[in-house]
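Dropping protein.csv in here (CSV, C-alpha atoms):
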```
chain,number,residue,atom,x,y,z
A,1,MET,CA,-35.5,0.1,17.2
A,2,GLN,CA,-32.5,-1.9,15.9
A,3,PRO,CA,-32.2,-2.5,12.1
A,4,PHE,CA,-32.8,-6.1,11.0
A,5,ALA,CA,-29.4,-6.4,9.4
A,6,LEU,CA,-27.6,-5.7,12.7
A,7,ASN,CA,-28.9,-8.9,14.1
A,8,TYR,CA,-26.8,-10.9,11.6
A,9,ALA,CA,-23.9,-8.6,10.8
A,10,ARG,CA,-20.4,-9.9,11.6
A,11,PRO,CA,-17.1,-8.2,11.5
A,12,ALA,CA,-15.0,-8.9,8.4
A,13,ALA,CA,-12.4,-11.6,9.0
A,14,GLN,CA,-8.9,-10.2,9.5
A,15,LEU,CA,-6.2,-12.0,7.6
A,16,GLU,CA,-2.8,-12.5,9.3
A,17,VAL,CA,-0.7,-11.5,6.3
A,18,THR,CA,2.6,-9.5,6.4
A,19,ALA,CA,3.3,-7.6,3.2
A,20,PRO,CA,7.0,-7.8,2.0
A,21,TYR,CA,6.9,-4.0,1.4
A,22,SER,CA,6.0,-0.9,3.3
A,23,TYR,CA,4.7,2.6,2.4
A,24,ASP,CA,7.3,5.4,1.9
A,25,SER,CA,5.5,8.7,2.4
A,26,GLY,CA,8.4,10.6,0.8
A,27,LEU,CA,8.2,8.6,-2.5
A,28,GLN,CA,4.4,8.0,-2.0
A,29,LEU,CA,5.1,4.4,-3.1
A,30,ASN,CA,5.4,1.0,-1.6
A,31,VAL,CA,9.1,0.0,-1.2
A,32,LEU,CA,10.8,-3.3,-0.4
A,33,ALA,CA,13.2,-3.7,2.6
A,34,ASP,CA,16.2,-2.9,0.4
A,35,GLY,CA,14.7,0.4,-0.8
A,36,ARG,CA,13.5,-0.7,-4.3
A,37,VAL,CA,10.1,0.3,-5.5
A,38,ALA,CA,7.8,-2.7,-4.9
A,39,ALA,CA,5.9,-2.2,-8.2
A,40,HIS,CA,9.2,-2.9,-10.1
A,41,ASP,CA,9.7,-6.3,-8.5
A,42,LEU,CA,8.1,-8.6,-11.1
A,43,ALA,CA,8.3,-11.7,-8.9
A,44,LEU,CA,6.4,-10.0,-6.2
A,45,LEU,CA,3.7,-8.8,-8.6
A,46,ARG,CA,3.4,-12.3,-10.0
A,47,GLU,CA,2.9,-13.6,-6.5
A,48,LEU,CA,0.6,-11.0,-5.1
A,49,GLY,CA,-1.0,-9.6,-8.3
A,50,THR,CA,-0.6,-6.0,-7.1
A,51,THR,CA,0.9,-3.8,-4.3
A,52,THR,CA,-2.0,-2.2,-2.6
A,53,SER,CA,-1.2,1.1,-0.9
A,54,THR,CA,-1.4,1.1,2.9
A,55,ALA,CA,-2.0,4.9,3.0
A,56,GLY,CA,-5.6,5.8,2.8
A,57,SER,CA,-8.0,3.7,0.7
A,58,LYS,CA,-7.3,0.0,0.3
A,59,THR,CA,-8.6,0.3,-3.3
A,60,HIS,CA,-5.9,2.7,-4.4
A,61,PHE,CA,-3.2,0.9,-6.4
A,62,ASP,CA,0.2,2.6,-6.7
A,63,ASP,CA,1.9,0.4,-9.2
```
Using the file provided, produce a representation of the structure as structure tokens.
Amino acid sequence: MQPFALNYARPAAQLEVTAPYSYDSGLQLNVLADGRVAAHDLALLRELGTTTSTAGSKTHFDD
């Protein structure tokens, strides 16, 4: 028997967004292309609101 919800469940929409930062496992922080810590870039934080970590949980904030 299949649960009722599976008849209507749809996969979450994937957004085509490229973050201007990447995760540095040595620092355990998100860094910009020039090596600066992403959380120190105030213009980036104003634009995005936060820098979500790409390591592990998407609800972990490293700034």
* In Å, how far is it from atom CA of Ala39 of chain A to atom CA of Tyr23 of chain A? -> 11.7 Å
* Asked: What gap, in Å, lies between atom CA of Ala33 of chain A and atom CA of Pro20 of chain A?
  -> 7.5 Å
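Straight-line separation from atom CA of Ala43 of chain A to atom CA of Ala12 of chain A: 29.2 Å.
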* To do: Show which residues sit within 10 Å of Val31 of chain A, as JSON, numbers by chain. Count all atoms listed in the file, and ignore same-chain residues fewer than 4 positions away.
  => {"A": [20, 21, 22, 23, 24, 27, 35, 36, 37, 38, 39, 40, 41, 51]}
* Find the residue from A:Asp34, A:Leu48, A:Leu42, A:Asn7 that sits nearest to Ala19 of chain A; use all atoms listed in the file when measuring. => A:Leu48
